[in-house]
$ cat final_7.pdb   # PDB, C-alpha atoms
MODEL        1
ATOM      1  CA  MET A1263       0.000   0.000   0.000
ATOM      2  CA  GLN A1264       1.060   3.581  -0.649
ATOM      3  CA  GLU A1265       2.251   5.322   2.481
ATOM      4  CA  PRO A1266      -0.148   7.988   3.765
ATOM      5  CA  VAL A1267       0.743  11.637   3.486
ATOM      6  CA  LEU A1268      -0.107  12.271   7.128
ATOM      7  CA  SER A1269      -0.214  10.154  10.280
ATOM      8  CA  ILE A1270      -2.380  11.537  13.073
ATOM      9  CA  CYS A1271      -0.918   9.939  16.191
ATOM     10  CA  ILE A1272      -3.016   9.948  19.367
ATOM     11  CA  PRO A1273      -1.520   8.814  22.687
ATOM     12  CA  THR A1274      -4.396   8.142  25.069
ATOM     13  CA  TYR A1275      -5.119   7.096  28.620
ATOM     14  CA  ASN A1276      -8.521   6.956  30.357
ATOM     15  CA  ARG A1277     -10.134   9.758  28.373
ATOM     16  CA  CYS A1278     -12.647   7.789  26.344
ATOM     17  CA  GLY A1279     -15.188  10.644  26.266
ATOM     18  CA  PHE A1280     -12.729  13.184  24.877
ATOM     19  CA  LEU A1281     -11.275  10.560  22.548
ATOM     20  CA  ARG A1282     -14.713   9.774  21.095
ATOM     21  CA  GLU A1283     -15.301  13.480  20.466
ATOM     22  CA  GLY A1284     -11.902  13.872  18.798
ATOM     23  CA  LEU A1285     -12.353  10.836  16.566
ATOM     24  CA  GLN A1286     -15.777  12.018  15.428
ATOM     25  CA  ALA A1287     -14.279  15.393  14.494
ATOM     26  CA  LEU A1288     -11.558  13.624  12.507
ATOM     27  CA  ALA A1289     -14.123  11.477  10.699
ATOM     28  CA  ARG A1290     -15.967  14.595   9.538
ATOM     29  CA  GLU A1291     -12.710  16.062   8.248
ATOM     30  CA  MET A1292     -11.765  12.882   6.393
ATOM     31  CA  ASN A1293     -14.614  13.486   3.949
ATOM     32  CA  ASP A1294     -12.525  16.236   2.332
ATOM     33  CA  ILE A1295      -9.339  14.149   2.049
ATOM     34  CA  PRO A1296      -8.599  11.543  -0.660
ATOM     35  CA  ARG A1297      -8.888   8.053   0.747
ATOM     36  CA  GLY A1298      -5.585   6.663   2.012
ATOM     37  CA  TRP A1299      -3.882  10.048   2.400
ATOM     38  CA  VAL A1300      -4.363  10.145   6.182
ATOM     39  CA  GLU A1301      -4.070   7.428   8.796
ATOM     40  CA  ILE A1302      -5.005   7.538  12.480
ATOM     41  CA  VAL A1303      -2.649   5.766  14.885
ATOM     42  CA  ILE A1304      -3.713   5.322  18.507
ATOM     43  CA  SER A1305      -1.489   4.145  21.348
ATOM     44  CA  ASP A1306      -3.629   3.215  24.351
ATOM     45  CA  ASN A1307      -1.643   3.291  27.596
ATOM     46  CA  ALA A1308      -3.576   0.328  29.071
ATOM     47  CA  SER A1309      -6.664   2.407  29.833
ATOM     48  CA  SER A1310      -9.074   1.017  32.419
ATOM     49  CA  ASP A1311     -12.128   2.866  31.055
ATOM     50  CA  GLU A1312     -14.047   2.209  27.803
ATOM     51  CA  THR A1313     -11.275   3.440  25.497
ATOM     52  CA  LYS A1314     -10.925   0.083  23.717
ATOM     53  CA  GLU A1315     -14.674  -0.126  23.097
ATOM     54  CA  VAL A1316     -14.807   3.463  21.804
ATOM     55  CA  ILE A1317     -12.034   2.752  19.300
ATOM     56  CA  GLU A1318     -13.543  -0.540  18.155
ATOM     57  CA  GLU A1319     -16.938   1.118  17.672
ATOM     58  CA  PHE A1320     -15.364   3.931  15.666
ATOM     59  CA  ALA A1321     -13.394   1.497  13.496
ATOM     60  CA  HIS A1322     -16.584  -0.479  12.788
ATOM     61  CA  GLU A1323     -18.565   2.639  11.839
ATOM     62  CA  HIS A1324     -15.784   4.100   9.686
ATOM     63  CA  ARG A1325     -14.258   1.198   7.818
ATOM     64  CA  GLU A1326     -13.121   3.575   5.085
ATOM     65  CA  ILE A1327     -10.663   5.244   7.483
ATOM     66  CA  CYS A1328      -7.254   3.708   8.036
ATOM     67  CA  LEU A1329      -7.068   3.320  11.812
ATOM     68  CA  ARG A1330      -4.304   1.414  13.567
ATOM     69  CA  TYR A1331      -4.792   0.673  17.251
ATOM     70  CA  PHE A1332      -2.046  -0.391  19.659
ATOM     71  CA  ARG A1333      -2.558  -1.100  23.340
ATOM     72  CA  GLN A1334       0.164  -1.257  25.981
ATOM     73  CA  THR A1335       0.082  -4.441  28.047
ATOM     74  CA  GLU A1336       0.521  -2.311  31.158
ATOM     75  CA  THR A1337       0.528   1.396  31.920
ATOM     76  CA  ILE A1338       3.880   3.014  31.129
ATOM     77  CA  ASN A1339       5.226   6.524  31.603
ATOM     78  CA  GLY A1340       2.881   8.903  29.770
ATOM     79  CA  ASN A1341       5.731  10.648  27.967
ATOM     80  CA  ALA A1342       7.013   7.292  26.763
ATOM     81  CA  ASN A1343       3.582   6.647  25.276
ATOM     82  CA  ILE A1344       3.665  10.035  23.524
ATOM     83  CA  TYR A1345       7.091   9.376  22.052
ATOM     84  CA  GLY A1346       6.256   5.762  21.274
ATOM     85  CA  VAL A1347       3.214   6.582  19.146
ATOM     86  CA  THR A1348       5.365   8.742  16.847
ATOM     87  CA  LYS A1349       7.473   5.676  16.053
ATOM     88  CA  LEU A1350       4.378   3.754  14.943
ATOM     89  CA  ALA A1351       3.585   6.272  12.181
ATOM     90  CA  ARG A1352       3.920   5.336   8.511
ATOM     91  CA  GLY A1353       3.045   8.712   6.996
ATOM     92  CA  GLU A1354       5.383  11.163   5.333
ATOM     93  CA  TYR A1355       4.364  13.660   8.035
ATOM     94  CA  VAL A1356       3.362  13.098  11.653
ATOM     95  CA  PHE A1357       0.874  15.094  13.707
ATOM     96  CA  VAL A1358       0.728  14.073  17.369
ATOM     97  CA  VAL A1359      -2.657  15.085  18.776
ATOM     98  CA  SER A1360      -3.448  14.906  22.477
ATOM     99  CA  ASP A1361      -6.480  12.776  23.299
ATOM    100  CA  ASP A1362      -8.358  15.753  24.774
ATOM    101  CA  ASP A1363      -7.759  18.063  21.793
ATOM    102  CA  THR A1364     -10.133  18.409  18.841
ATOM    103  CA  ILE A1365      -9.430  19.061  15.176
ATOM    104  CA  LEU A1366     -11.389  22.092  13.955
ATOM    105  CA  PRO A1367     -13.464  22.256  10.733
ATOM    106  CA  LYS A1368     -11.457  22.464   7.490
ATOM    107  CA  ALA A1369      -8.204  22.061   9.438
ATOM    108  CA  LEU A1370      -7.140  18.691   8.100
ATOM    109  CA  GLY A1371      -7.660  19.792   4.508
ATOM    110  CA  LYS A1372      -5.615  22.919   5.183
ATOM    111  CA  ILE A1373      -2.715  20.956   6.670
ATOM    112  CA  VAL A1374      -2.638  18.450   3.803
ATOM    113  CA  CYS A1375      -2.885  21.299   1.275
ATOM    114  CA  GLU A1376       0.120  23.053   2.858
ATOM    115  CA  ILE A1377       2.121  19.836   2.749
ATOM    116  CA  ARG A1378       1.376  19.449  -0.954
ATOM    117  CA  GLU A1379       2.130  23.114  -1.706
ATOM    118  CA  HIS A1380       5.465  23.007   0.156
ATOM    119  CA  PRO A1381       6.975  19.642  -0.805
ATOM    120  CA  GLY A1382       9.769  18.662   1.535
ATOM    121  CA  VAL A1383       8.963  21.275   4.175
ATOM    122  CA  GLY A1384      10.339  20.217   7.552
ATOM    123  CA  ALA A1385       7.442  21.294   9.752
ATOM    124  CA  LEU A1386       4.075  22.963   9.891
ATOM    125  CA  CYS A1387       2.816  24.830  12.944
ATOM    126  CA  PRO A1388      -0.996  24.877  12.924
ATOM    127  CA  ASN A1389      -2.656  27.678  14.851
ATOM    128  CA  LEU A1390      -4.472  26.744  18.046
ATOM    129  CA  VAL A1391      -7.261  27.999  20.234
ATOM    130  CA  SER A1392      -7.441  27.152  23.918
ATOM    131  CA  VAL A1393     -10.609  25.852  25.577
ATOM    132  CA  ASN A1394     -11.299  26.486  29.253
ATOM    133  CA  PRO A1395     -11.964  22.995  30.656
ATOM    134  CA  LEU A1396     -14.440  24.346  33.217
ATOM    135  CA  SER A1397     -16.445  26.976  31.314
ATOM    136  CA  GLY A1398     -15.886  25.762  27.761
ATOM    137  CA  ALA A1399     -14.937  29.299  26.711
ATOM    138  CA  VAL A1400     -12.746  29.448  23.618
ATOM    139  CA  GLY A1401      -9.782  31.814  23.614
ATOM    140  CA  PRO A1402      -8.224  33.710  20.699
ATOM    141  CA  PRO A1403      -5.752  32.047  18.311
ATOM    142  CA  LEU A1404      -2.411  31.530  20.034
ATOM    143  CA  TYR A1405      -0.426  32.673  16.983
ATOM    144  CA  GLN A1406      -1.302  36.249  16.052
ATOM    145  CA  LEU A1407      -0.725  36.077  12.295
ATOM    146  CA  ALA A1408      -1.951  38.316   9.498
ATOM    147  CA  GLU A1409      -1.326  35.487   7.013
ATOM    148  CA  ASP A1410       0.482  32.175   6.728
ATOM    149  CA  ARG A1411       4.242  32.566   7.252
ATOM    150  CA  TRP A1412       7.005  30.643   5.518
ATOM    151  CA  LEU A1413      10.107  30.588   7.708
ATOM    152  CA  VAL A1414      13.521  29.149   6.895
ATOM    153  CA  ASN A1415      15.596  30.745   9.635
ATOM    154  CA  TYR A1416      16.045  28.413  12.612
ATOM    155  CA  GLU A1417      16.134  31.232  15.132
ATOM    156  CA  GLU A1418      12.978  32.850  13.754
ATOM    157  CA  MET A1419      11.157  29.524  13.958
ATOM    158  CA  LEU A1420      12.111  28.866  17.571
ATOM    159  CA  ILE A1421      11.216  32.384  18.662
ATOM    160  CA  ALA A1422       7.879  32.135  16.839
ATOM    161  CA  VAL A1423       6.954  28.811  18.463
ATOM    162  CA  GLY A1424       8.527  29.549  21.851
ATOM    163  CA  THR A1425       6.625  28.123  24.810
ATOM    164  CA  LEU A1426       4.399  26.075  22.518
ATOM    165  CA  LEU A1427       7.353  23.733  22.000
ATOM    166  CA  THR A1428       6.126  22.111  25.206
ATOM    167  CA  PHE A1429       2.713  21.410  23.691
ATOM    168  CA  VAL A1430       2.540  17.984  22.094
ATOM    169  CA  SER A1431       0.042  19.056  19.405
ATOM    170  CA  CYS A1432       1.925  22.129  18.154
ATOM    171  CA  VAL A1433       4.070  20.774  15.289
ATOM    172  CA  VAL A1434       3.421  18.602  12.250
ATOM    173  CA  PHE A1435       6.833  17.232  11.299
ATOM    174  CA  ARG A1436       8.439  15.344   8.451
ATOM    175  CA  ARG A1437       9.057  11.864   9.746
ATOM    176  CA  ASP A1438      12.259  11.084   7.882
ATOM    177  CA  LEU A1439      14.045  14.042   9.503
ATOM    178  CA  VAL A1440      14.084  12.228  12.847
ATOM    179  CA  CYS A1441      13.660   8.637  11.713
ATOM    180  CA  GLY A1442      16.308   6.498  13.383
ATOM    181  CA  ARG A1443      17.015   9.006  16.140
ATOM    182  CA  GLU A1444      16.296   7.882  19.670
ATOM    183  CA  TYR A1445      14.783  10.138  22.319
ATOM    184  CA  THR A1446      14.247   7.497  24.995
ATOM    185  CA  ASP A1447      16.817   9.234  27.204
ATOM    186  CA  LYS A1448      14.512  12.305  27.133
ATOM    187  CA  ILE A1449      11.420  10.500  28.459
ATOM    188  CA  MET A1450      11.897  11.696  32.039
ATOM    189  CA  THR A1451      12.584  15.267  30.890
ATOM    190  CA  PHE A1452       8.785  15.677  30.568
ATOM    191  CA  PHE A1453       9.139  17.022  27.017
ATOM    192  CA  PRO A1454      10.559  14.285  24.754
ATOM    193  CA  HIS A1455       8.518  15.693  21.876
ATOM    194  CA  SER A1456      10.083  19.148  22.392
ATOM    195  CA  TYR A1457      13.576  17.815  21.658
ATOM    196  CA  LEU A1458      12.208  16.114  18.561
ATOM    197  CA  PHE A1459      10.538  19.355  17.403
ATOM    198  CA  VAL A1460      13.754  21.336  17.976
ATOM    199  CA  ASP A1461      15.740  18.892  15.850
ATOM    200  CA  VAL A1462      13.161  19.078  13.046
ATOM    201  CA  LEU A1463      13.261  22.888  13.047
ATOM    202  CA  ALA A1464      17.073  22.753  12.997
ATOM    203  CA  SER A1465      17.097  20.534   9.905
ATOM    204  CA  GLY A1466      17.110  23.466   7.472
ATOM    205  CA  HIS A1467      13.942  22.384   5.659
ATOM    206  CA  GLY A1468      11.806  25.320   6.746
ATOM    207  CA  CYS A1469       8.507  25.705   8.515
ATOM    208  CA  VAL A1470       5.020  26.974   7.637
ATOM    209  CA  MET A1471       3.165  28.879  10.365
ATOM    210  CA  ILE A1472      -0.551  28.424   9.616
ATOM    211  CA  LYS A1473      -2.835  31.354  10.396
ATOM    212  CA  GLN A1474      -6.024  29.273  10.410
ATOM    213  CA  PRO A1475      -6.906  27.768  13.828
ATOM    214  CA  CYS A1476      -6.659  24.017  13.319
ATOM    215  CA  LEU A1477      -6.968  22.615  16.819
ATOM    216  CA  ALA A1478      -8.959  23.296  19.975
ATOM    217  CA  ALA A1479      -6.769  22.469  22.973
ATOM    218  CA  ARG A1480      -8.202  21.919  26.431
ATOM    219  CA  GLY A1481      -6.296  23.255  29.414
ATOM    220  CA  ASN A1482      -5.527  20.990  32.332
ATOM    221  CA  THR A1483      -7.617  21.293  35.471
ATOM    222  CA  GLU A1484      -5.182  19.147  37.452
ATOM    223  CA  VAL A1485      -1.477  19.895  37.354
ATOM    224  CA  GLY A1486      -0.036  16.900  39.201
ATOM    225  CA  TYR A1487       3.595  17.975  38.821
ATOM    226  CA  ASP A1488       6.053  20.557  40.086
ATOM    227  CA  LEU A1489       5.315  23.591  37.896
ATOM    228  CA  VAL A1490       8.700  25.235  38.482
ATOM    229  CA  ASP A1491      10.666  22.040  37.867
ATOM    230  CA  VAL A1492       8.784  21.279  34.633
ATOM    231  CA  PHE A1493       8.259  24.692  33.075
ATOM    232  CA  VAL A1494      11.434  26.385  34.276
ATOM    233  CA  THR A1495      14.168  23.796  34.809
ATOM    234  CA  LYS A1496      13.107  21.262  32.186
ATOM    235  CA  PHE A1497      12.090  23.822  29.567
ATOM    236  CA  THR A1498      15.438  25.585  30.015
ATOM    237  CA  ARG A1499      17.133  22.294  29.118
ATOM    238  CA  VAL A1500      15.094  22.144  25.908
ATOM    239  CA  VAL A1501      16.344  25.629  25.021
ATOM    240  CA  GLU A1502      19.910  24.566  25.854
ATOM    241  CA  HIS A1503      19.456  21.697  23.398
ATOM    242  CA  ALA A1504      18.293  24.239  20.809
ATOM    243  CA  GLU A1505      21.429  26.284  21.490
ATOM    244  CA  LYS A1506      23.570  23.250  20.702
ATOM    245  CA  ASN A1507      21.753  23.094  17.359
ATOM    246  CA  GLY A1508      22.722  26.692  16.593
ATOM    247  CA  LEU A1509      20.321  28.982  18.468
ATOM    248  CA  SER A1510      22.204  32.192  19.296
ATOM    249  CA  ARG A1511      22.515  33.642  22.804
ATOM    250  CA  HIS A1512      20.146  36.399  21.685
ATOM    251  CA  GLY A1513      17.688  33.732  20.564
ATOM    252  CA  VAL A1514      18.016  31.906  23.872
ATOM    253  CA  ARG A1515      17.284  35.097  25.814
ATOM    254  CA  THR A1516      14.320  35.936  23.583
ATOM    255  CA  VAL A1517      12.720  32.494  23.906
ATOM    256  CA  LEU A1518      13.272  32.355  27.673
ATOM    257  CA  SER A1519      12.000  35.910  28.189
ATOM    258  CA  GLY A1520       8.759  35.142  26.374
ATOM    259  CA  HIS A1521       8.448  31.886  28.263
ATOM    260  CA  ALA A1522       8.969  33.654  31.597
ATOM    261  CA  LEU A1523       5.985  35.904  30.869
ATOM    262  CA  TRP A1524       3.852  32.848  30.120
ATOM    263  CA  VAL A1525       4.942  31.109  33.346
ATOM    264  CA  ALA A1526       4.190  34.253  35.348
ATOM    265  CA  GLY A1527       0.712  34.435  33.833
ATOM    266  CA  PHE A1528       0.118  30.742  34.462
TER     267      PHE A1528
ENDMDL
END
$ encode --input "final_7.pdb" --output "C-alpha cells"
Amino acid sequence: MQEPVLSICIPTYNRCGFLREGLQALAREMNDIPRGWVEIVISDNASSDETKEVIEEFAHEHREICLRYFRQTETINGNANIYGVTKLARGEYVFVVSDDDTILPKALGKIVCEIREHPGVGALCPNLVSVNPLSGAVGPPLYQLAEDRWLVNYEEMLIAVGTLLTFVSCVVFRRDLVCGREYTDKIMTFFPHSYLFVDVLASGHGCVMIKQPCLAARGNTEVGYDLVDVFVTKFTRVVEHAEKNGLSRHGVRTVLSGHALWVAGF
C-alpha cells in the first residue's frame, strides 16, 4: 500500500469521552481528504475505562478510514507513550494530537494542502485555540498572524513557536528528519517531543506557520507535577538543546523571556 501523506498519532489514557469526540471530528474532516492520504494511529496506555470499546466502535462505523490501534500491556510513563506513538507512524508527516484536543473544521484539509504546496517542508505549525476545561470558553488564536508565514531561519522559527514547543500538538513534522534518532533518554525530561521538534526545526527544511486555527486544545484542570521544575528547569534544558543546534545567545534570551511571561501568567 502507498504510504499515507499524514499520520495523526493519538496517545491516550482513560479519556474515552474526549477521545470519542476527537475521533468524530476527525471522521468529519476525512470526507474532504482523498482516501488513504491520512491514517489515524492510537497508542492506548492500558486504559481502564471504555477506550478500547470506543475505538472498536469507531473502526466499525468508519471502515473507510485507516485506523491502527495499539494497546500497551501495562501502563507506562505517559511521555514514553507520547514518544512511542510517533514511532508507529507510517506517513510522510506526523501530527501528534493529544487525546483531549479536537481538530477544527477544514483544518485537516488545510494541513494536507500546505504539505502538498510546500513539498519537503520540515514542519508545519498549525494555529491553536485554547478551551477552558471548566467553562468551555474558547480563547483567541495563540499565533497572532496576518497570514500564513514561511520561515527558513532556525532562530525565527524557535522564537515564533517559543513556549508552545512544550505542547505535544503544536508541530506537524516530516518523519524522515528524525527517523532512526532515539529520544528514549529524554522520556523523564517531561518534554521528549520538544527535543524532537527542535531537531526538526534545525534541519534546514523550513517551517510553515498556519494562520487558520486548526486545533482546539483543552487546558488541564489538574497539574499533578512541580510547575517550576517542569516549566522552568526542564524547559530551560530544551532551550539549551536548541542552542547546541545553533540557536544564538540572543535567541536563547528571547525564547526564555517570552516563556517567563507565560509562566508568570500561568
$ closest_residue --input "final_7.pdb" --among "A:Gly1424, A:Pro1454, A:Pro1395, A:Pro1273" --to "Asn1343 (chain A)" --atoms "all atoms listed in the file"
A:Pro1273
$ atom_distance --input "final_7.pdb" --atom1 "CA of Pro1403 (chain A)" --atom2 "CA of Glu1354 (chain A)"
27.0 Å
$ atom_distance --input "final_7.pdb" --atom1 "CA of Cys1469 (chain A)" --atom2 "CA of Trp1412 (chain A)"
6.0 Å
$ closest_residue --input "final_7.pdb" --among "A:Val1494, A:Val1500, A:Ala1522, A:Ala1479" --to "Gly1398 (chain A)" --atoms "all atoms listed in the file"
A:Ala1479
$ resolve_selection --input "final_7.pdb" --expression "the PyMOL selection byres ((chain A and resi 1372-1374) around 9)" --output "list in words"
Val1267, Leu1268, Ile1295, Trp1299, Val1300, Lys1368, Ala1369, Leu1370, Gly1371, Cys1375, Glu1376, Ile1377, Arg1378, Glu1379, Leu1386, Pro1388, Val1434, Ile1472, Gln1474 and Cys1476 of chain A
$ write_last_selection --input "final_7.pdb" --atoms "C-alpha atoms" --output "PDB file, in the frame of the given file"
ATOM      1  CA  VAL A1267       0.743  11.637   3.486  1.00  0.00           C
ATOM      2  CA  LEU A1268      -0.107  12.271   7.128  1.00  0.00           C
ATOM      3  CA  ILE A1295      -9.339  14.149   2.049  1.00  0.00           C
ATOM      4  CA  TRP A1299      -3.882  10.048   2.400  1.00  0.00           C
ATOM      5  CA  VAL A1300      -4.363  10.145   6.182  1.00  0.00           C
ATOM      6  CA  LYS A1368     -11.457  22.464   7.490  1.00  0.00           C
ATOM      7  CA  ALA A1369      -8.204  22.061   9.438  1.00  0.00           C
ATOM      8  CA  LEU A1370      -7.140  18.691   8.100  1.00  0.00           C
ATOM      9  CA  GLY A1371      -7.660  19.792   4.508  1.00  0.00           C
ATOM     10  CA  CYS A1375      -2.885  21.299   1.275  1.00  0.00           C
ATOM     11  CA  GLU A1376       0.120  23.053   2.858  1.00  0.00           C
ATOM     12  CA  ILE A1377       2.121  19.836   2.749  1.00  0.00           C
ATOM     13  CA  ARG A1378       1.376  19.449  -0.954  1.00  0.00           C
ATOM     14  CA  GLU A1379       2.130  23.114  -1.706  1.00  0.00           C
ATOM     15  CA  LEU A1386       4.075  22.963   9.891  1.00  0.00           C
ATOM     16  CA  PRO A1388      -0.996  24.877  12.924  1.00  0.00           C
ATOM     17  CA  VAL A1434       3.421  18.602  12.250  1.00  0.00           C
ATOM     18  CA  ILE A1472      -0.551  28.424   9.616  1.00  0.00           C
ATOM     19  CA  GLN A1474      -6.024  29.273  10.410  1.00  0.00           C
ATOM     20  CA  CYS A1476      -6.659  24.017  13.319  1.00  0.00           C
TER      21      CYS A1476
END
$ resolve_selection --input "final_7.pdb" --expression "the PyMOL selection byres ((chain A and resi 1503) around 12)" --output "list in words"
Leu1420, Lys1448, Phe1453, Pro1454, Ser1456, Tyr1457, Leu1458, Phe1459, Val1460, Asp1461, Ala1464, Lys1496, Phe1497, Thr1498, Arg1499, Val1500, Val1501, Glu1502, Ala1504, Glu1505, Lys1506, Asn1507, Gly1508, Leu1509, Ser1510 and Val1514 of chain A
$ axis_aligned_box --input "final_7.pdb" --around "region 1314-1326 of chain A" --padding-each-side "6 Å" --output "AutoDock Vina command-line options"
--center_x -14.7 --center_y 1.8 --center_z 14.4 --size_x 19.6 --size_y 16.6 --size_z 30.6
$ residues_near_point --input "final_7.pdb" --point "(-2.6, -1.3, 9.1)" --cutoff "10 Å" --atoms "all atoms listed in the file" --output "PyMOL selection string"
chain A and resi 1263+1301-1303+1328-1331+1352
$ write_last_selection --input "final_7.pdb" --atoms "C-alpha atoms" --output "PDB file, in the frame of the given file"
ATOM      1  CA  MET A1263       0.000   0.000   0.000  1.00  0.00           C
ATOM      2  CA  GLU A1301      -4.070   7.428   8.796  1.00  0.00           C
ATOM      3  CA  ILE A1302      -5.005   7.538  12.480  1.00  0.00           C
ATOM      4  CA  VAL A1303      -2.649   5.766  14.885  1.00  0.00           C
ATOM      5  CA  CYS A1328      -7.254   3.708   8.036  1.00  0.00           C
ATOM      6  CA  LEU A1329      -7.068   3.320  11.812  1.00  0.00           C
ATOM      7  CA  ARG A1330      -4.304   1.414  13.567  1.00  0.00           C
ATOM      8  CA  TYR A1331      -4.792   0.673  17.251  1.00  0.00           C
ATOM      9  CA  ARG A1352       3.920   5.336   8.511  1.00  0.00           C
TER      10      ARG A1352
END
$ resolve_selection --input "final_7.pdb" --expression "the PyMOL selection byres ((chain A and resi 1391) around 7)" --output "NGL selection string"
:A and (1390 or 1392-1393 or 1400-1404 or 1475 or 1477-1479)
$ closest_residue --input "final_7.pdb" --among "A:Leu1463, A:Ile1344, A:Leu1407, A:Cys1432" --to "Met1419 (chain A)" --atoms "all atoms listed in the file"
A:Leu1463
$ atom_distance --input "final_7.pdb" --atom1 "CA of Ala1422 (chain A)" --atom2 "CA of Asp1363 (chain A)"
21.6 Å
$ closest_residue --input "final_7.pdb" --among "A:Glu1444, A:Asp1438, A:Glu1323, A:Glu1409" --to "Tyr1345 (chain A)" --atoms "only C-alpha atoms"
A:Glu1444
$ closest_residue --input "final_7.pdb" --among "A:Ser1465, A:Ser1309, A:Ser1269, A:Thr1516" --to "Gly1382 (chain A)" --atoms "only C-alpha atoms"
A:Ser1465
$ residues_near_point --input "final_7.pdb" --point "(-16.1, 9.2, 24.4)" --cutoff "12 Å" --atoms "all atoms listed in the file" --output "list in words"
Thr1274, Tyr1275, Asn1276, Arg1277, Cys1278, Gly1279, Phe1280, Leu1281, Arg1282, Glu1283, Gly1284, Leu1285, Gln1286, Ala1287, Asp1311, Glu1312, Thr1313, Lys1314, Glu1315, Val1316, Ile1317, Glu1318, Glu1319, Phe1320, Asp1361 and Asp1362 of chain A
$ write_last_selection --input "final_7.pdb" --atoms "C-alpha atoms" --output "short mmCIF file (atom, residue, chain, number, x, y, z; two decimals), keeping the file's coordinate frame"
data_model
loop_
_atom_site.label_atom_id
_atom_site.label_comp_id
_atom_site.auth_asym_id
_atom_site.auth_seq_id
_atom_site.Cartn_x
_atom_site.Cartn_y
_atom_site.Cartn_z
CA THR A 1274 -4.40 8.14 25.07
CA TYR A 1275 -5.12 7.10 28.62
CA ASN A 1276 -8.52 6.96 30.36
CA ARG A 1277 -10.13 9.76 28.37
CA CYS A 1278 -12.65 7.79 26.34
CA GLY A 1279 -15.19 10.64 26.27
CA PHE A 1280 -12.73 13.18 24.88
CA LEU A 1281 -11.28 10.56 22.55
CA ARG A 1282 -14.71 9.77 21.10
CA GLU A 1283 -15.30 13.48 20.47
CA GLY A 1284 -11.90 13.87 18.80
CA LEU A 1285 -12.35 10.84 16.57
CA GLN A 1286 -15.78 12.02 15.43
CA ALA A 1287 -14.28 15.39 14.49
CA ASP A 1311 -12.13 2.87 31.06
CA GLU A 1312 -14.05 2.21 27.80
CA THR A 1313 -11.28 3.44 25.50
CA LYS A 1314 -10.92 0.08 23.72
CA GLU A 1315 -14.67 -0.13 23.10
CA VAL A 1316 -14.81 3.46 21.80
CA ILE A 1317 -12.03 2.75 19.30
CA GLU A 1318 -13.54 -0.54 18.16
CA GLU A 1319 -16.94 1.12 17.67
CA PHE A 1320 -15.36 3.93 15.67
CA ASP A 1361 -6.48 12.78 23.30
CA ASP A 1362 -8.36 15.75 24.77
#
$ closest_residue --input "final_7.pdb" --among "A:Asn1389, A:Met1450, A:Met1292, A:Ile1272" --to "Arg1333 (chain A)" --atoms "only C-alpha atoms"
A:Ile1272
$ decode --input "final_7.pdb" --residues "region 1325-1336 of chain A" --atoms "N, CA, C and O atoms" --output "PDB file, in the first residue's frame"
ATOM      1  N   ARG A1325     -15.174   2.165   8.411  1.00  0.00           N
ATOM      2  CA  ARG A1325     -14.258   1.198   7.818  1.00  0.00           C
ATOM      3  C   ARG A1325     -13.402   1.809   6.709  1.00  0.00           C
ATOM      4  O   ARG A1325     -12.356   1.264   6.345  1.00  0.00           O
ATOM      5  N   GLU A1326     -13.864   2.934   6.169  1.00  0.00           N
ATOM      6  CA  GLU A1326     -13.121   3.575   5.085  1.00  0.00           C
ATOM      7  C   GLU A1326     -11.882   4.311   5.585  1.00  0.00           C
ATOM      8  O   GLU A1326     -11.010   4.680   4.797  1.00  0.00           O
ATOM      9  N   ILE A1327     -11.793   4.523   6.898  1.00  0.00           N
ATOM     10  CA  ILE A1327     -10.663   5.244   7.483  1.00  0.00           C
ATOM     11  C   ILE A1327      -9.590   4.254   7.931  1.00  0.00           C
ATOM     12  O   ILE A1327      -9.894   3.245   8.583  1.00  0.00           O
ATOM     13  N   CYS A1328      -8.364   4.543   7.580  1.00  0.00           N
ATOM     14  CA  CYS A1328      -7.254   3.708   8.036  1.00  0.00           C
ATOM     15  C   CYS A1328      -6.952   4.042   9.492  1.00  0.00           C
ATOM     16  O   CYS A1328      -6.446   5.119   9.803  1.00  0.00           O
ATOM     17  N   LEU A1329      -7.308   3.136  10.382  1.00  0.00           N
ATOM     18  CA  LEU A1329      -7.068   3.320  11.812  1.00  0.00           C
ATOM     19  C   LEU A1329      -6.264   2.136  12.326  1.00  0.00           C
ATOM     20  O   LEU A1329      -6.640   0.980  12.127  1.00  0.00           O
ATOM     21  N   ARG A1330      -5.161   2.448  12.988  1.00  0.00           N
ATOM     22  CA  ARG A1330      -4.304   1.414  13.567  1.00  0.00           C
ATOM     23  C   ARG A1330      -4.267   1.629  15.076  1.00  0.00           C
ATOM     24  O   ARG A1330      -3.916   2.703  15.556  1.00  0.00           O
ATOM     25  N   TYR A1331      -4.636   0.571  15.797  1.00  0.00           N
ATOM     26  CA  TYR A1331      -4.792   0.673  17.251  1.00  0.00           C
ATOM     27  C   TYR A1331      -3.783  -0.237  17.940  1.00  0.00           C
ATOM     28  O   TYR A1331      -3.684  -1.429  17.642  1.00  0.00           O
ATOM     29  N   PHE A1332      -3.022   0.350  18.866  1.00  0.00           N
ATOM     30  CA  PHE A1332      -2.046  -0.391  19.659  1.00  0.00           C
ATOM     31  C   PHE A1332      -2.361  -0.157  21.136  1.00  0.00           C
ATOM     32  O   PHE A1332      -2.677   0.959  21.546  1.00  0.00           O
ATOM     33  N   ARG A1333      -2.260  -1.210  21.915  1.00  0.00           N
ATOM     34  CA  ARG A1333      -2.558  -1.100  23.340  1.00  0.00           C
ATOM     35  C   ARG A1333      -1.386  -1.633  24.155  1.00  0.00           C
ATOM     36  O   ARG A1333      -0.905  -2.753  23.914  1.00  0.00           O
ATOM     37  N   GLN A1334      -0.904  -0.806  25.093  1.00  0.00           N
ATOM     38  CA  GLN A1334       0.164  -1.257  25.981  1.00  0.00           C
ATOM     39  C   GLN A1334      -0.360  -2.390  26.875  1.00  0.00           C
ATOM     40  O   GLN A1334      -1.527  -2.382  27.279  1.00  0.00           O
ATOM     41  N   THR A1335       0.497  -3.338  27.176  1.00  0.00           N
ATOM     42  CA  THR A1335       0.082  -4.441  28.047  1.00  0.00           C
ATOM     43  C   THR A1335      -0.070  -3.988  29.495  1.00  0.00           C
ATOM     44  O   THR A1335      -0.812  -4.573  30.273  1.00  0.00           O
ATOM     45  N   GLU A1336       0.648  -2.919  29.851  1.00  0.00           N
ATOM     46  CA  GLU A1336       0.521  -2.311  31.158  1.00  0.00           C
ATOM     47  C   GLU A1336       0.826  -0.819  31.022  1.00  0.00           C
ATOM     48  O   GLU A1336       1.457  -0.389  30.064  1.00  0.00           O
TER      49      GLU A1336
END
